[in-house]
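Note sheet for the following structure.
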Amino acid sequence: MDQLILSANELAEQIKSGSVSAEDYIAKIFDRIKSVEKNVHAYISLNDSAIEQAGRMDKMVKSGERVGRLAGVAVAVKDNICTRGLRTTCASKMLEEYVPPYNATVIDRLQQEGAIIVGKANLDEFAMGSTTEFSSFGATRNPWDISRVPGGSSGGSAASLAAQEATLALGSDTGGSIRCPASFCSSVGLKPTYGLVSRFGLVSFANSLELIGPMGRSAYDVALILSCIAGRDSMDHTTLDIDGVDYTAKIKHGVKGLRIGVVREMISNGVDDAVAKSVHDAANKFEGLGASIEDVSINSLQYALASYYTIAMAEASSNLARYDGIRYGLSMNPEGFAWNAYYTKARSNFGSEVKRRIMIGTYVLSSGYYGRYYLKAQQVRTLIRHELAGVFKKLDLLIAPTMPIMPFKIGERVDDPLQLYMADIDTVAANLAGIPAISVPCAFKDGLPIGLQIMGNHLSEELLLRAAYAFEEVNGVKKVASV
Amino acid sequence: MVSKEEVKHLAWLARMELTDKELEVYTKQVEQIIGYFNTLDKISLENIKPLKTGIDYKKFREDDIVECNEDTLSVVKNSKDRFVKAPKMV
Amino acid sequence: MNVKIGLEIHCQLTGLKSKLFCSCSADYRGKDANANVCPICLGLPGTLPLLNKKALEYATMISLVLNCRTPGTAAFYRKNYFYPDLPKNFQITQYNAHEISSIGVDGQVEFDSKKVRIRRVQLEEDPGRLVYEGGMETSLYTLVDYNRAGVALVEIVTEPDFDDPKDVRLFLNKLASTLEHLGVCDTRLEGSVRCDVNVSLAGGRKVEIKNINSFREVEKAIMFEISRQKSLGMKGIEVRSETRHWDDARRVTIQSRVKEEEQDYRYFSEPDIPAVNFSDDLIKSLKNQMPELPDARRSRFVEQFGLSEQVAQVLINDKYLADFFEDGARLYENAREVANWIVTDLKGYTDEFDGIRSLRIKPLHIAELAKLVDQSMISRTTAKQILQEIVKSGEMPSEVAKKLNVAQISDRQALIDVIDSVFETEKSAVKDALQNEKTVNFLLGKVMQTTGGRADPKLALELIRKKLASIT
């Protein structure tokens with residue numbers, strides 16, 4: 001079978017058994033990248049030593065050494081996750097030449113399991129955006145239709161999967177940044193429970209909302225990679241005090257007897273008809289598999305978007321303050337500069353979306369506005385948490401669309417920030433509450449993918465993945481585009 | 001509602017330079033977005049405290065010295081005699 | 001005059017091994033520039049602060065000792081502003097404009113029958129250091145050393161309850177000794193304690209004075225500022241509310257060079273550090289672990305060693321002096337003699353050499369010196385001379401005594417001989433001494449001179465009087 005579309009699980013098995021050469025397969029990946037990148041532009045940097053690392057993997061296999069669960073598998077890593085010795089730009093001019101001197105914890109864990117990092121995937125600058133159009137190094141294009149956006153901010157990660165330029169990917173999700181591109185590119189993308197996966201090495205945008213999450217072309221692959229990266233980390237005090245689990249162990253247990261709620265607010269106003277229909281169809285399929293379906297209303301969701309952006313932008317304004325060109329990043333000789341002039345000149349290198357968010361974040365934290373905006377938003381957040389906790393007392397899972405709209409044309413919403421923010425309306429609640437949420441390919445309309453979002457209570461990843469897996473088994477849709 | 005002066009001040013607080021054109025565009029956008037945030041005014045939440053789940057102090061880091069093995073200073077572009085060069089304070 | 005003085009003290013937790021949020025060494029002094037940094041304290045993208053739990057313990061102990069209330073939960077906040085010594089362009093602290101999240105609040109300290117209220121005790125991180133090549137005026141750039149960035153600071157803020165700079169000095173002495181006894185801060189280390197002061201006169205506007213880099217300078221700075229404000233008042237000029245810098249070379253406060261504009265620090269709670277729960281058990285266990293504090297130690301010195309209150313007070317003002325004394329008292333049982341040597345003579349040298357630890361003398365030296373004098377082996381005068389020597393050389397007093405051949409002359413006959421010869425040469429003085437007590441001392445002085453200070457003065461005086469009595 002074509003190695004480029006094998007699942008990670010199958011690939012690792014075959015590499016471990018010696019029937020597939022890792023070096024061979026990685027070389028094929030690079031050939032693929034060479035041939036499609038001009039149309040997709042999923043990557044910012046490529047890892048020059050990937051093929052060599054794959055070669056070493058084959059040697060280890062031959063000599064019978066332990067090689068890990070992801071032996072030889074090609075992973076695309078979003079370029080806001082630090083990789084030692086490999087340029088990490090966050091798609092920003094501010095970090096264009098930045099080479100981290102350390103690995104993010106998830107990278108160490110992946111490498112311990114034998115994964116091969118193929119390259120750093122494109123994103124909206126500093127993960128701020130929903131289309132990857134705000135990358136300072138050019139937009140990524142949707143492999144299903146290269147005139148359209150792949151979603152964002154982890155657009156490069158999702159596109160690499162759909163375009164067969166990687167087998168697995170890592171993204172980050174602050175308000176939907178894994179799930180949105182997964183939906184637009186027909187991949188599986190999981191935002192884990194806040195604190196389940198370490199943020200050490202994830203360049204902060206909104207640190208109380210975001211985390212790193214796995215992406216793949218199947219629920220099983222996503223479960224596999226999650227098993228390798230989840231669990232407490234002493235380098236991140238916001239990680240939960242638990243060990244990771246084997247998330248593939250119970251993945252085939254099905255959904256019989258599970259109580260699933262369809263979130264009313266998320267399939268009403270402004271939702272594309274095809275999207276709404278796909279959710280109803282999905283609900284029917286789950287019912288057919290033995291789950292019970294009911295309609296559920298979550299009233300506080302109407303405030304979720306405003307609450308999310310207030311908090312996210314506030315945190316961003318502070319997290320990005322460190323980028324002043326003095327210690328690292330873009331190089332500007334300070335000699336002769338008056339101090340503040342240096343700062344303002346260096347920081348003019350941020351893109352427009354980043355500047356916008358920094359200014360608004362500054363506004364909502366200013367004395368005089370803090371109470372009305374930031375504090376209020378945090379209170380609303382607590383309200384949403386409470387309401388969701390109440391819902392999960394009676395229901396096991398919630399389903400909804402990931403995106404209320406179909407993938408749109410590149411450039412269509414770039415000049416209307418507020419309209420762009422509206423696209424996140426269904427994904428932000430999970431980040432505010434810290435609960436896990438997954439997007440699985442659901443349907444196609446006019447050749448464009450539609451994703452289904454499944455949400456669960458804190459630490460219910462096993463349940464989510466079971467549901468995603470069961471759904472996949474009865475709902476075959478394409479995961480790989482011919483680009 | 002949100003004036004150009006305010007946006008100029010915001011840019012200053014965040015140490016960013018804006019051209020006149022940018023100032024105009026951003027002012028409109030900031031006003032629009034803050035206007036959207038004002039939907040939060042509709043809900044009254046006096047009794048709700050922002051969630052602050054504390055953890056036991058023992059969970060934090062032990063007071064040990066650990067030699068840093070990473071080449072931290074490799075990222076510094078402007079330096080002199082091991083010091084980081086920064087602009088002079090006025 | 002109605003003076004109001006408030007203090008804002010920052011002390012480094014030099015007792016910690018590592019920094020507040022990373023495992024770099026807390027001891028940054030004397031290292032090459034930027035040799036004591038890691039990705040966390042340099043604020044590299046993707047790094048997260050890792051709170052030092054011992055810092056929490058130390059801060060809580062300080063808070064307890066200052067009789068503060070400990071709120072059940074403490075949180076950290078970001079104070080956002082741009083400055084080259086701040087790696088992240090925000091400082092992680094506990095103070096904020098929105099709520100109380102410090103480790104301790106509403107405390108009180110008593111000293112010298114006065115009281116001062118403590119507003120809060122909290123943790124925060126130290127920034128790096130700015131250095132100018134060839135001076136701030138001519139340099140084209142600033143050089144930054146981040147070795148100190150991230151070192152743990154405890155901030156102690158008092159209410160403006162002081163009305164006399166002398167009281168401030170007494171309070172700071174007590175505070176320094178307390179911090180030393182707790183083992184959390186070595187106040188003698190350069191830069192380990194900094195004190196900002198607020199001064200206002202007769203209900204007028206408050207002036208903040210920064211850049212006072214040792215407790216010793218605080219009293220001087222306050223006195224200058226009071227007189228500056230007084231003289232403005234006399235000229236009918238209103239005192240402006242401002243921040244001034246203490247120039248310790250010229251001994252004046254000067255207008256701040258950098259305009260301290262109204263800063264909007266946009267405080268918000270630090271998302272990377274979970275809030276800290278303080279259980280009653282923790283507080284109890286810290287109280288139990290508390291080492292002996294200065295007041296208790298002073299009482300014990302009086303009870304256990306029979307020292308006077310004043311002598312005990314001098315000793316406990318400096319923990320190392322107090323430790324030195326106790327070690328000495330263990331080596332020689334006449335504790336009062338040991339204490340007196342330390343408080344009267346040795347202290348003069350410690351003040352000159354900046355602390356007892358820089359001297360080459362150990363408690364054993366003083367114990368031996370006290371013993372020699374106490375057992376009349378050498379005279380007190382001789383002992384003082386020996387002390388002057390051994391402070392620099394570190395030799396044992398008995399060795400020096402042997403070298404100088406200064407064993408005290410307590411031999412009656414030897415003294416009688418000397419006294420006889422003095423009486424021969426000083427005939428008119430002898431006559432005078434029969435009426436005039438003062439001249440008896442003159443004769444004693446002559447005896448001491450003749451014996452090179454070695455005569456046992458008590459015995460010599462006794463013999464002189466005997467001889468005088470025999471003449472009449």
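Residue numbering restarts at 1 for every chain of the structure tokens, chains are lettered A, B, ... in their displayed order, and ligands are numbered from 1 as they appear.
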Only residues of chain C matter here; which ones have an atom within 7 Å of chain A, counting only C-alpha atoms? Give them as a list of chain:residue names.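 Result: C:Pro45, C:Gly46, C:Thr47, C:Leu48, C:Leu50, C:Asn80, C:Pro87, C:Lys88, C:Asn89, C:Leu140, C:Tyr141, C:Asp264, C:Arg266, C:Pro271, C:Asp272, C:Ile273, C:Pro274.
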Got time to write the residues from that selection, C-alpha atoms, as an mmCIF file, in the first residue's frame?
data_model
loop_
_atom_site.group_PDB
_atom_site.id
_atom_site.type_symbol
_atom_site.label_atom_id
_atom_site.label_comp_id
_atom_site.auth_asym_id
_atom_site.auth_seq_id
_atom_site.Cartn_x
_atom_site.Cartn_y
_atom_site.Cartn_z
ATOM 1 C CA PRO C 45 9.907 31.853 23.845
ATOM 2 C CA GLY C 46 8.033 28.825 25.136
ATOM 3 C CA THR C 47 9.518 28.773 28.643
ATOM 4 C CA LEU C 48 7.385 28.775 31.766
ATOM 5 C CA LEU C 50 8.642 27.145 37.895
ATOM 6 C CA ASN C 80 3.641 44.834 32.504
ATOM 7 C CA PRO C 87 13.657 39.654 30.096
ATOM 8 C CA LYS C 88 9.932 39.241 29.510
ATOM 9 C CA ASN C 89 8.993 42.929 29.685
ATOM 10 C CA LEU C 140 25.992 54.746 22.995
ATOM 11 C CA TYR C 141 24.243 51.713 24.379
ATOM 12 C CA ASP C 264 -0.473 51.650 33.684
ATOM 13 C CA ARG C 266 -2.142 46.375 33.354
ATOM 14 C CA PRO C 271 -1.743 32.108 34.034
ATOM 15 C CA ASP C 272 1.394 29.945 34.184
ATOM 16 C CA ILE C 273 1.502 29.743 37.991
ATOM 17 C CA PRO C 274 -1.407 28.084 39.774
#
Counting only C-alpha atoms, what is within 12 Å of region 24-35 of chain B, bar same-chain residues fewer than 3 positions away, as a VMD selection string? (chain A and resid 305 to 307 309 to 310 313 352 to 364 369 372 to 374 415 to 422) or (chain B and resid 1 to 11 18 to 21 38 to 41)
Could you state the separation of CA of Thr243 (chain C) and CA of Ala59 (chain C) in Å, given to one decimal place? 27.7 Å
Give me, as an NGL selection string, the residues of region 94-205 of chain A that a backbone DSSP run labels alpha helix (DSSP H). :A and (105-112 or 155-162 or 179-185)
Keeping C-alpha atoms for every residue in the selection just given, could you write it to a file as a PDB file, in the first residue's frame?
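Heads up, here's the output in out.pdb:
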ATOM      1  CA  THR A 105       8.738  18.496  26.133  1.00  0.00           C
ATOM      2  CA  VAL A 106       6.407  17.009  23.499  1.00  0.00           C
ATOM      3  CA  ILE A 107       9.289  16.940  21.012  1.00  0.00           C
ATOM      4  CA  ASP A 108      11.501  15.018  23.433  1.00  0.00           C
ATOM      5  CA  ARG A 109       8.666  12.565  24.036  1.00  0.00           C
ATOM      6  CA  LEU A 110       8.007  12.109  20.328  1.00  0.00           C
ATOM      7  CA  GLN A 111      11.671  11.531  19.635  1.00  0.00           C
ATOM      8  CA  GLN A 112      11.881   9.004  22.449  1.00  0.00           C
ATOM      9  CA  GLY A 155      -3.215  25.303   8.768  1.00  0.00           C
ATOM     10  CA  GLY A 156       0.147  23.929   7.748  1.00  0.00           C
ATOM     11  CA  SER A 157      -0.213  20.917  10.047  1.00  0.00           C
ATOM     12  CA  ALA A 158      -3.623  19.964   8.669  1.00  0.00           C
ATOM     13  CA  ALA A 159      -2.669  20.624   5.060  1.00  0.00           C
ATOM     14  CA  SER A 160       0.443  18.447   5.364  1.00  0.00           C
ATOM     15  CA  LEU A 161      -1.775  15.518   6.358  1.00  0.00           C
ATOM     16  CA  ALA A 162      -4.264  16.036   3.557  1.00  0.00           C
ATOM     17  CA  ARG A 179     -10.033  21.716  15.119  1.00  0.00           C
ATOM     18  CA  CYS A 180     -10.733  24.401  12.527  1.00  0.00           C
ATOM     19  CA  PRO A 181      -8.018  23.347  10.045  1.00  0.00           C
ATOM     20  CA  ALA A 182      -8.781  19.695  10.766  1.00  0.00           C
ATOM     21  CA  SER A 183     -12.367  20.394   9.735  1.00  0.00           C
ATOM     22  CA  PHE A 184     -11.392  22.359   6.627  1.00  0.00           C
ATOM     23  CA  CYS A 185      -8.839  19.754   5.521  1.00  0.00           C
TER      24      CYS A 185
END
Within 7 Å of chain B, which residues belong to chain C? Use only C-alpha atoms and report them as JSON, numbers by chain. {"C": [16, 17, 18, 23, 24, 25, 33, 34, 38, 39, 50, 51, 52, 53, 54, 73, 84, 140, 141, 142, 143, 144, 145, 274, 275, 276, 277, 278]}
Grab the residues selected above and save them as a compact mmCIF listing (two decimals), in the first residue's frame with C-alpha atoms.
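Writing the result to again30.txt gives the following:
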# COMPACT_ATOMS: atom_id res chain seq x y z
CA LEU C 16 17.80 30.01 48.76
CA LYS C 17 19.97 27.89 46.53
CA SER C 18 18.13 28.61 43.30
CA SER C 23 16.99 26.25 38.89
CA CYS C 24 19.81 28.67 38.19
CA SER C 25 21.91 29.51 41.24
CA ALA C 33 28.22 38.32 32.70
CA ASN C 34 25.31 36.11 31.62
CA CYS C 38 18.96 29.54 31.44
CA PRO C 39 16.12 29.65 28.90
CA LEU C 50 8.64 27.14 37.89
CA LEU C 51 7.90 28.47 41.38
CA ASN C 52 10.45 27.62 44.09
CA LYS C 53 8.59 26.12 47.04
CA LYS C 54 11.25 27.07 49.56
CA THR C 73 -4.57 31.52 48.92
CA PRO C 84 15.91 46.23 29.14
CA LEU C 140 25.99 54.75 22.99
CA TYR C 141 24.24 51.71 24.38
CA THR C 142 23.46 49.85 27.56
CA LEU C 143 24.98 46.53 28.53
CA VAL C 144 22.74 44.07 30.31
CA ASP C 145 23.69 41.20 32.58
CA PRO C 274 -1.41 28.08 39.77
CA ALA C 275 -2.60 29.86 42.90
CA VAL C 276 -1.01 28.55 46.11
CA ASN C 277 -3.09 27.13 48.94
CA PHE C 278 -1.75 27.72 52.42
Do a neighbour search on region 460-464 of chain C at 10 Å with only C-alpha atoms, toss out local chain neighbours closer than 2 positions, and write the hits as a PyMOL selection string. chain C and resi 409-412+415-416+418-420+423+430+440-441+443-445+447-448+455-458+466-470
Mind dumping the selected residues with N, CA and C atoms as an mmCIF file, in the first residue's frame?
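again-v4.cif written:
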data_model
loop_
_atom_site.group_PDB
_atom_site.id
_atom_site.type_symbol
_atom_site.label_atom_id
_atom_site.label_comp_id
_atom_site.auth_asym_id
_atom_site.auth_seq_id
_atom_site.Cartn_x
_atom_site.Cartn_y
_atom_site.Cartn_z
ATOM 1 N N ILE C 409 53.083 40.594 85.604
ATOM 2 C CA ILE C 409 53.892 40.465 86.820
ATOM 3 C C ILE C 409 52.968 40.465 88.025
ATOM 4 N N SER C 410 52.806 39.307 88.607
ATOM 5 C CA SER C 410 51.968 39.216 89.809
ATOM 6 C C SER C 410 52.815 38.813 91.014
ATOM 7 N N ASP C 411 54.069 38.707 90.748
ATOM 8 C CA ASP C 411 55.006 38.334 91.829
ATOM 9 C C ASP C 411 55.145 39.508 92.804
ATOM 10 N N ARG C 412 54.762 39.342 94.044
ATOM 11 C CA ARG C 412 54.743 40.436 95.014
ATOM 12 C C ARG C 412 56.121 41.082 95.147
ATOM 13 N N LEU C 415 57.183 43.174 92.267
ATOM 14 C CA LEU C 415 56.470 44.454 92.255
ATOM 15 C C LEU C 415 57.019 45.389 93.337
ATOM 16 N N ILE C 416 57.239 44.808 94.505
ATOM 17 C CA ILE C 416 57.756 45.646 95.602
ATOM 18 C C ILE C 416 59.065 46.309 95.178
ATOM 19 N N VAL C 418 60.032 47.087 92.189
ATOM 20 C CA VAL C 418 59.753 48.164 91.214
ATOM 21 C C VAL C 418 59.199 49.381 91.937
ATOM 22 N N ILE C 419 58.245 49.113 92.829
ATOM 23 C CA ILE C 419 57.621 50.240 93.560
ATOM 24 C C ILE C 419 58.673 50.996 94.371
ATOM 25 N N ASP C 420 59.566 50.251 95.017
ATOM 26 C CA ASP C 420 60.629 50.910 95.781
ATOM 27 C C ASP C 420 61.434 51.845 94.886
ATOM 28 N N PHE C 423 59.422 54.964 94.038
ATOM 29 C CA PHE C 423 59.336 55.865 95.172
ATOM 30 C C PHE C 423 60.626 56.658 95.338
ATOM 31 N N VAL C 430 55.567 61.274 95.775
ATOM 32 C CA VAL C 430 55.222 60.449 96.939
ATOM 33 C C VAL C 430 54.666 61.324 98.052
ATOM 34 N N VAL C 440 48.262 59.300 93.633
ATOM 35 C CA VAL C 440 48.452 57.846 93.818
ATOM 36 C C VAL C 440 48.369 57.177 92.439
ATOM 37 N N ASN C 441 47.432 57.652 91.679
ATOM 38 C CA ASN C 441 47.288 57.104 90.323
ATOM 39 C C ASN C 441 48.503 57.395 89.467
ATOM 40 N N LEU C 443 51.524 57.608 90.543
ATOM 41 C CA LEU C 443 52.547 56.650 90.951
ATOM 42 C C LEU C 443 52.288 55.292 90.306
ATOM 43 N N LEU C 444 51.017 54.889 90.294
ATOM 44 C CA LEU C 444 50.655 53.619 89.664
ATOM 45 C C LEU C 444 51.040 53.642 88.195
ATOM 46 N N GLY C 445 50.768 54.791 87.582
ATOM 47 C CA GLY C 445 51.127 54.947 86.181
ATOM 48 C C GLY C 445 52.610 54.757 85.939
ATOM 49 N N VAL C 447 54.594 53.006 87.791
ATOM 50 C CA VAL C 447 54.920 51.582 87.967
ATOM 51 C C VAL C 447 54.594 50.817 86.676
ATOM 52 N N MET C 448 53.463 51.145 86.125
ATOM 53 C CA MET C 448 53.044 50.473 84.874
ATOM 54 C C MET C 448 54.039 50.766 83.753
ATOM 55 N N ALA C 455 52.641 45.102 84.937
ATOM 56 C CA ALA C 455 52.310 44.944 86.361
ATOM 57 C C ALA C 455 50.825 44.693 86.523
ATOM 58 N N ASP C 456 50.509 43.845 87.458
ATOM 59 C CA ASP C 456 49.105 43.631 87.809
ATOM 60 C C ASP C 456 48.640 44.882 88.535
ATOM 61 N N PRO C 457 47.828 45.680 87.926
ATOM 62 C CA PRO C 457 47.495 47.006 88.483
ATOM 63 C C PRO C 457 46.817 46.915 89.857
ATOM 64 N N LYS C 458 45.975 45.919 90.027
ATOM 65 C CA LYS C 458 45.265 45.823 91.317
ATOM 66 C C LYS C 458 46.267 45.582 92.457
ATOM 67 N N LYS C 466 50.016 50.402 100.590
ATOM 68 C CA LYS C 466 50.638 49.818 101.777
ATOM 69 C C LYS C 466 51.918 50.584 102.141
ATOM 70 N N LYS C 467 52.683 50.824 101.049
ATOM 71 C CA LYS C 467 53.952 51.509 101.266
ATOM 72 C C LYS C 467 53.724 52.938 101.737
ATOM 73 N N LEU C 468 52.746 53.608 101.115
ATOM 74 C CA LEU C 468 52.428 54.987 101.530
ATOM 75 C C LEU C 468 52.001 54.996 102.999
ATOM 76 N N ALA C 469 51.180 54.025 103.325
ATOM 77 C CA ALA C 469 50.692 53.945 104.722
ATOM 78 C C ALA C 469 51.845 53.752 105.695
ATOM 79 N N SER C 470 52.840 53.017 105.200
ATOM 80 C CA SER C 470 53.965 52.745 106.111
ATOM 81 C C SER C 470 54.858 53.973 106.298
#
